[in-house]
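What follows is a single structure, written as structure tokens, with notes after it.
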Amino acid sequence: MQEKDYLITFLCPMILEYIKYLTNPASQAAKELGQLQETIALEARYKRSKKQWASHLKNSKEMMISASKNISADKDIIVLGSGLLLDIPLDYLSDNFNQVFLLDVVHLKKIKQITEHYKNITLVEQDITGLSDSIFDATKNHPTLTPKPDIPCLTPNTGLVISANMLSQIHLAPVFYAESKLAYSEQQLEQLAHDIMISHLRLLSTLPCKVCLLTDFVRLYKDKNQNIVITESVLFDIELPKPDKTWYWEIAPRGELDKNFSMTSMVYAYEDYE
């Protein structure tokens with residue numbers, strides 16, 4: 001590869017991501033925990049994998065629409081983990097319900113520009129794990145972290161809460177911080193990840209409204225011949241009820257994360273999680 005081609009292929013995308021990092025506002029916690037950087041990287045990953053992600057995004061939107069069918073039009077909708085809005089039926093939710101709250105730890109400028117044209121859509125910047133406010137107070141001598149999930153925009157008028165953040169993702173930033181800054185052992189890291197996911201599920205199960213849940217459940221690694229070489233649970237053996245629908249999402253085609261393997265998740269979708 002010639003030097004010019006190398007610069008275009010590898011350095012230009014990195015520079016663009018760095019510029020986005022500098023120009024996108026986010027909380028100090030989101031920056032220190034790497035959540036802003038990961039959101040920007042996710043956007044770049046989607047652009048490289050649009051074809052592989054298409055069916056997952058379509059299935060997600062259809063499940064959210066189906067879950068909302070019996071919700072009164074005067075009710076509010078809350079989406080947890082709205083992210084890049086790739087899997088959110090934004091027009092449908094805005095057109096059919098009173099207020100729509102999109103909750104995530106980071107909202108890129110692009111997302112703010114998209115949503116400012118909707119009169120009934122509100123962006124809520126919130127860490128759904130409830131750890132951002134306390135994680136930096138922890139030390140190696142006092143490393144206890146307790147998830148305290150909260151939904152500040154929840155009201156008696158909420159008709160549906162959609163959890164779209166994928167359970168295996170919400171613990172990544174706190175766990176990485178605990179590993180790198182608090183010297184957590186492998187056992188402590190697994191326990192923290194487990195606690196974060198369980199606390200999220202418990203929160204959903206106590207909500208006084210309908211809940212739509214989408215989460216990955218099993219991850220598959222395939223070789224170039226599409227043979228499954230590794231199957232792993234991503235929920236640390238947390239048991240879930242039988243889903244209403246399942247599908248596969250090829251998150252990383254071969255060459256994205258590994259030159260030899262692709263990574264695919266089995267998604268569990270619940271129209272009414274209890």
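Chain identifiers are assigned as A, B, and so on, following the order in which chains appear in the structure tokens; residues are numbered from 1 within each chain, and ligands are numbered from 1 in order of appearance.
Excluding Asp237 of chain A and any residue on its chain fewer than 6 positions from it, the residues at most 12 Å away by only C-alpha atoms are A:Ser168, A:Glu190, A:Gln191, A:Ala193, A:His194, A:Met197, A:Ile198, A:Phe217, A:Val218.
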May I have the selected residues written with N, CA and C atoms, as a short mmCIF file (atom, residue, chain, number, x, y, z; two decimals), in the first residue's frame?
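What follows is the written file result.cif:
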data_model
loop_
_atom_site.label_atom_id
_atom_site.label_comp_id
_atom_site.auth_asym_id
_atom_site.auth_seq_id
_atom_site.Cartn_x
_atom_site.Cartn_y
_atom_site.Cartn_z
N SER A 168 -25.67 -6.42 27.43
CA SER A 168 -24.24 -6.70 27.48
C SER A 168 -23.40 -5.44 27.29
N GLU A 190 -16.59 -9.48 37.08
CA GLU A 190 -17.75 -10.26 36.67
C GLU A 190 -18.95 -9.96 37.55
N GLN A 191 -18.70 -9.80 38.84
CA GLN A 191 -19.80 -9.50 39.77
C GLN A 191 -20.40 -8.13 39.47
N ALA A 193 -20.38 -6.50 36.57
CA ALA A 193 -21.14 -6.61 35.31
C ALA A 193 -22.50 -7.27 35.56
N HIS A 194 -22.47 -8.35 36.34
CA HIS A 194 -23.71 -9.07 36.68
C HIS A 194 -24.67 -8.15 37.44
N MET A 197 -26.38 -5.50 35.15
CA MET A 197 -27.43 -6.05 34.30
C MET A 197 -28.66 -6.46 35.11
N ILE A 198 -28.43 -7.08 36.26
CA ILE A 198 -29.55 -7.48 37.12
C ILE A 198 -30.32 -6.27 37.61
N PHE A 217 -28.22 -11.90 23.64
CA PHE A 217 -28.27 -13.02 24.59
C PHE A 217 -27.07 -13.95 24.43
N VAL A 218 -26.80 -14.33 23.20
CA VAL A 218 -25.68 -15.23 22.91
C VAL A 218 -24.86 -14.61 21.78
#
Can you write out as JSON lines which residues of segment 184-266 of chain A fall within 7 Å of segment 160-165 of chain A, alongside each residue's closest atom pair and its distance in Å to one decimal, counting only C-alpha atoms and ordering rows by chain and ascending residue number?
{"residue": "A:Cys209", "atom": "CA", "partner": "A:Leu160", "partner_atom": "CA", "distance": 5.8}
{"residue": "A:Lys210", "atom": "CA", "partner": "A:Leu160", "partner_atom": "CA", "distance": 4.8}
{"residue": "A:Val211", "atom": "CA", "partner": "A:Val161", "partner_atom": "CA", "distance": 4.9}
{"residue": "A:Cys212", "atom": "CA", "partner": "A:Ile162", "partner_atom": "CA", "distance": 4.6}
{"residue": "A:Leu213", "atom": "CA", "partner": "A:Ser163", "partner_atom": "CA", "distance": 4.9}
{"residue": "A:Leu214", "atom": "CA", "partner": "A:Ala164", "partner_atom": "CA", "distance": 5.3}
Convert the current residue selection to file output with C-alpha atoms, as a PDB file, in the first residue's frame.
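Output file selection-v9.pdb is given in full below:
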ATOM      1  CA  CYS A 209     -46.171   0.678  32.652  1.00  0.00           C
ATOM      2  CA  LYS A 210     -45.570  -1.588  29.673  1.00  0.00           C
ATOM      3  CA  VAL A 211     -41.921  -2.429  28.927  1.00  0.00           C
ATOM      4  CA  CYS A 212     -40.365  -3.409  25.610  1.00  0.00           C
ATOM      5  CA  LEU A 213     -36.942  -5.010  26.009  1.00  0.00           C
ATOM      6  CA  LEU A 214     -34.354  -5.740  23.335  1.00  0.00           C
TER       7      LEU A 214
END
Worksheet entry | strand (DSSP E or B) per DSSP on the backbone: members of segment 13-199 of chain A, as a PyMOL selection string | chain A and resi 76-80+99-104+121-125+158-163
Discussion item. Give me the residues near Ile88 of chain A as a list in words, where near means some atom within 9 Å (using only C-alpha atoms) and where sequence neighbours in that chain fewer than 5 positions away do not count.
Written reply: Leu57, Ser60, Lys61, Met64, Val79, Ser82, Gly83, Leu93 and Ala164 of chain A
Return as a compact mmCIF listing (two decimals) with N, CA and C atoms, in the first residue's frame the full set of residues in segment 151-220 of chain A whose backbone-based DSSP assignment is helix (DSSP H, G or I).
# COMPACT_ATOMS: atom_id res chain seq x y z
N LEU A 167 -28.27 -5.35 27.01
CA LEU A 167 -27.76 -5.59 28.37
C LEU A 167 -26.25 -5.77 28.44
N SER A 168 -25.67 -6.42 27.43
CA SER A 168 -24.24 -6.70 27.48
C SER A 168 -23.40 -5.44 27.29
N GLN A 169 -24.02 -4.32 26.91
CA GLN A 169 -23.26 -3.10 26.65
C GLN A 169 -23.24 -2.14 27.82
N ILE A 170 -24.28 -2.13 28.65
CA ILE A 170 -24.40 -1.08 29.65
C ILE A 170 -23.35 -1.18 30.76
N LEU A 172 -20.10 -2.11 30.20
CA LEU A 172 -18.74 -2.09 29.67
C LEU A 172 -17.90 -0.95 30.21
N ALA A 173 -18.43 0.27 30.19
CA ALA A 173 -17.64 1.42 30.64
C ALA A 173 -17.32 1.35 32.14
N PRO A 174 -18.30 1.10 33.02
CA PRO A 174 -17.96 0.98 34.44
C PRO A 174 -16.99 -0.16 34.73
N VAL A 175 -17.16 -1.28 34.05
CA VAL A 175 -16.27 -2.43 34.29
C VAL A 175 -14.84 -2.11 33.84
N PHE A 176 -14.70 -1.46 32.69
CA PHE A 176 -13.36 -1.08 32.22
C PHE A 176 -12.70 -0.12 33.20
N TYR A 177 -13.47 0.83 33.73
CA TYR A 177 -12.93 1.77 34.70
C TYR A 177 -12.51 1.05 35.97
N ALA A 178 -13.35 0.13 36.44
CA ALA A 178 -13.03 -0.61 37.66
C ALA A 178 -11.78 -1.45 37.48
N GLU A 179 -11.60 -1.97 36.27
CA GLU A 179 -10.41 -2.79 35.99
C GLU A 179 -9.14 -1.94 35.92
N SER A 180 -9.23 -0.80 35.25
CA SER A 180 -8.04 0.01 35.01
C SER A 180 -7.68 0.94 36.16
N LYS A 181 -8.69 1.43 36.89
CA LYS A 181 -8.44 2.43 37.93
C LYS A 181 -8.57 1.90 39.35
N GLU A 186 -10.68 -10.31 38.59
CA GLU A 186 -11.56 -10.86 37.56
C GLU A 186 -12.93 -11.20 38.15
N GLN A 187 -12.92 -11.75 39.36
CA GLN A 187 -14.18 -12.10 40.02
C GLN A 187 -15.01 -10.85 40.34
N GLN A 188 -14.35 -9.80 40.80
CA GLN A 188 -15.06 -8.56 41.10
C GLN A 188 -15.64 -7.91 39.85
N LEU A 189 -14.90 -7.99 38.75
CA LEU A 189 -15.37 -7.42 37.48
C LEU A 189 -16.62 -8.15 36.99
N GLU A 190 -16.59 -9.48 37.08
CA GLU A 190 -17.75 -10.26 36.67
C GLU A 190 -18.95 -9.96 37.55
N GLN A 191 -18.70 -9.80 38.84
CA GLN A 191 -19.80 -9.50 39.77
C GLN A 191 -20.40 -8.13 39.47
N LEU A 192 -19.53 -7.15 39.18
CA LEU A 192 -20.02 -5.81 38.86
C LEU A 192 -20.87 -5.83 37.59
N ALA A 193 -20.38 -6.50 36.57
CA ALA A 193 -21.14 -6.61 35.31
C ALA A 193 -22.50 -7.27 35.56
N HIS A 194 -22.47 -8.35 36.34
CA HIS A 194 -23.71 -9.07 36.68
C HIS A 194 -24.67 -8.15 37.44
N ASP A 195 -24.14 -7.40 38.42
CA ASP A 195 -24.98 -6.52 39.24
C ASP A 195 -25.63 -5.43 38.41
N ILE A 196 -24.87 -4.88 37.45
CA ILE A 196 -25.40 -3.81 36.60
C ILE A 196 -26.56 -4.33 35.75
N MET A 197 -26.38 -5.50 35.15
CA MET A 197 -27.43 -6.05 34.30
C MET A 197 -28.66 -6.46 35.11
N ILE A 198 -28.43 -7.08 36.26
CA ILE A 198 -29.55 -7.48 37.12
C ILE A 198 -30.32 -6.27 37.61
N SER A 199 -29.61 -5.21 37.98
CA SER A 199 -30.29 -4.01 38.48
C SER A 199 -31.14 -3.37 37.39
N HIS A 200 -30.67 -3.47 36.15
CA HIS A 200 -31.46 -2.92 35.03
C HIS A 200 -32.74 -3.74 34.83
N LEU A 201 -32.61 -5.06 34.86
CA LEU A 201 -33.78 -5.91 34.70
C LEU A 201 -34.77 -5.72 35.85
N ARG A 202 -34.26 -5.57 37.05
CA ARG A 202 -35.14 -5.34 38.20
C ARG A 202 -35.88 -4.01 38.05
N LEU A 203 -35.18 -2.99 37.58
CA LEU A 203 -35.82 -1.70 37.35
C LEU A 203 -36.97 -1.86 36.36
N LEU A 204 -36.72 -2.55 35.26
CA LEU A 204 -37.75 -2.74 34.24
C LEU A 204 -38.95 -3.49 34.80
N SER A 205 -38.67 -4.50 35.63
CA SER A 205 -39.76 -5.33 36.15
C SER A 205 -40.63 -4.60 37.17
N THR A 206 -40.14 -3.48 37.71
CA THR A 206 -40.92 -2.75 38.72
C THR A 206 -41.65 -1.54 38.13
Worksheet item: Contacts of segment 66-77 of chain A at 8 Å or less, counting only C-alpha atoms, minus same-chain residues fewer than 4 places along, as a PyMOL selection string?
Response: chain A and resi 62+93+96-101+157-162+212+271-272
Export of the given selection (N, CA and C atoms) as a PDB file, in the first residue's frame:
ATOM      1  N   GLU A  62     -39.623  -2.538  14.160  1.00  0.00           N
ATOM      2  CA  GLU A  62     -40.915  -3.224  14.085  1.00  0.00           C
ATOM      3  C   GLU A  62     -41.374  -3.697  15.468  1.00  0.00           C
ATOM      4  N   LEU A  93     -43.084   7.292  16.588  1.00  0.00           N
ATOM      5  CA  LEU A  93     -43.288   7.603  18.004  1.00  0.00           C
ATOM      6  C   LEU A  93     -43.727   9.042  18.185  1.00  0.00           C
ATOM      7  N   ASN A  96     -47.434   9.589  16.991  1.00  0.00           N
ATOM      8  CA  ASN A  96     -48.515   8.834  17.615  1.00  0.00           C
ATOM      9  C   ASN A  96     -48.632   8.972  19.125  1.00  0.00           C
ATOM     10  N   PHE A  97     -47.708   9.720  19.753  1.00  0.00           N
ATOM     11  CA  PHE A  97     -47.760   9.815  21.213  1.00  0.00           C
ATOM     12  C   PHE A  97     -47.514  11.240  21.691  1.00  0.00           C
ATOM     13  N   ASN A  98     -47.873  11.471  22.947  1.00  0.00           N
ATOM     14  CA  ASN A  98     -47.838  12.810  23.519  1.00  0.00           C
ATOM     15  C   ASN A  98     -46.419  13.383  23.586  1.00  0.00           C
ATOM     16  N   GLN A  99     -45.571  12.689  24.334  1.00  0.00           N
ATOM     17  CA  GLN A  99     -44.178  13.106  24.476  1.00  0.00           C
ATOM     18  C   GLN A  99     -43.277  11.876  24.321  1.00  0.00           C
ATOM     19  N   VAL A 100     -42.109  12.093  23.732  1.00  0.00           N
ATOM     20  CA  VAL A 100     -41.131  11.022  23.577  1.00  0.00           C
ATOM     21  C   VAL A 100     -39.824  11.479  24.229  1.00  0.00           C
ATOM     22  N   PHE A 101     -39.352  10.706  25.199  1.00  0.00           N
ATOM     23  CA  PHE A 101     -38.105  11.021  25.889  1.00  0.00           C
ATOM     24  C   PHE A 101     -37.028  10.028  25.451  1.00  0.00           C
ATOM     25  N   ASN A 157     -47.843   9.448  33.559  1.00  0.00           N
ATOM     26  CA  ASN A 157     -48.364   9.468  32.186  1.00  0.00           C
ATOM     27  C   ASN A 157     -47.527   8.613  31.228  1.00  0.00           C
ATOM     28  N   THR A 158     -46.491   7.974  31.745  1.00  0.00           N
ATOM     29  CA  THR A 158     -45.664   7.114  30.888  1.00  0.00           C
ATOM     30  C   THR A 158     -46.441   5.857  30.526  1.00  0.00           C
ATOM     31  N   GLY A 159     -46.582   5.603  29.235  1.00  0.00           N
ATOM     32  CA  GLY A 159     -47.316   4.426  28.788  1.00  0.00           C
ATOM     33  C   GLY A 159     -46.423   3.268  28.395  1.00  0.00           C
ATOM     34  N   LEU A 160     -45.192   3.576  27.976  1.00  0.00           N
ATOM     35  CA  LEU A 160     -44.280   2.535  27.508  1.00  0.00           C
ATOM     36  C   LEU A 160     -42.839   2.971  27.730  1.00  0.00           C
ATOM     37  N   VAL A 161     -42.041   2.049  28.256  1.00  0.00           N
ATOM     38  CA  VAL A 161     -40.591   2.241  28.348  1.00  0.00           C
ATOM     39  C   VAL A 161     -39.937   1.208  27.452  1.00  0.00           C
ATOM     40  N   ILE A 162     -39.086   1.666  26.577  1.00  0.00           N
ATOM     41  CA  ILE A 162     -38.356   0.780  25.664  1.00  0.00           C
ATOM     42  C   ILE A 162     -36.907   0.735  26.084  1.00  0.00           C
ATOM     43  N   CYS A 212     -40.886  -2.679  26.775  1.00  0.00           N
ATOM     44  CA  CYS A 212     -40.365  -3.409  25.610  1.00  0.00           C
ATOM     45  C   CYS A 212     -38.859  -3.539  25.801  1.00  0.00           C
ATOM     46  N   GLU A 271     -41.979  -7.838  23.627  1.00  0.00           N
ATOM     47  CA  GLU A 271     -42.974  -6.795  23.405  1.00  0.00           C
ATOM     48  C   GLU A 271     -43.538  -6.296  24.714  1.00  0.00           C
ATOM     49  N   ASP A 272     -43.610  -7.176  25.711  1.00  0.00           N
ATOM     50  CA  ASP A 272     -44.133  -6.800  27.029  1.00  0.00           C
ATOM     51  C   ASP A 272     -43.361  -7.588  28.079  1.00  0.00           C
TER      52      ASP A 272
END
Worksheet item: What is the distance, in Å and to one decimal place, between atom CA of Leu33 of chain A and atom CA of Glu256 of chain A?
Response: 23.2 Å
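Comparing A:Leu36, A:Ala269, A:Leu235, A:Val105 by their smallest distance to Asn59 of chain A, the closest is A:Ala269 (using only C-alpha atoms).
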Do you have, as CSV, the list of residues of segment 8-111 of chain A lying at most 10 Å from segment 115-118 of chain A, each with its nearest atom pair and that distance in Å to one decimal, counting only C-alpha atoms and ordered by chain then number?
residue,atom,partner,partner_atom,distance
A:Leu85,CA,A:Thr115,CA,9.8
A:Leu90,CA,A:Thr115,CA,8.8
A:Asp91,CA,A:Tyr118,CA,8.8
A:Ser94,CA,A:Tyr118,CA,7.3
A:Asp95,CA,A:Tyr118,CA,9.4
A:Val100,CA,A:Tyr118,CA,9.6
A:Leu102,CA,A:Thr115,CA,9.6
A:Lys110,CA,A:Thr115,CA,8.8
A:Ile111,CA,A:Thr115,CA,6.2
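Omitting Leu257 of chain A and its sequence neighbours fewer than 6 positions away, and counting only C-alpha atoms, the residues within 12 Å are Arg45, Arg48, Ser49, Tyr221, Glu250, Ile251, Met263 and Thr264 of chain A.
Residues surrounding segment 131-137 of chain A within 7 Å are Ala29, Asp127, Leu145, Pro147 and Lys148 of chain A [only C-alpha atoms; sequence separation below 3 positions excluded].
Omitting Gln226 of chain A and its sequence neighbours fewer than 2 positions away, and counting only C-alpha atoms, the residues within 12 Å are Leu220, Tyr221, Lys222, Asp223, Lys224, Ile228, Val229, Ile230, Glu250, Pro253, Arg254, Asn260, Phe261, Ser262, Met263 and Thr264 of chain A.
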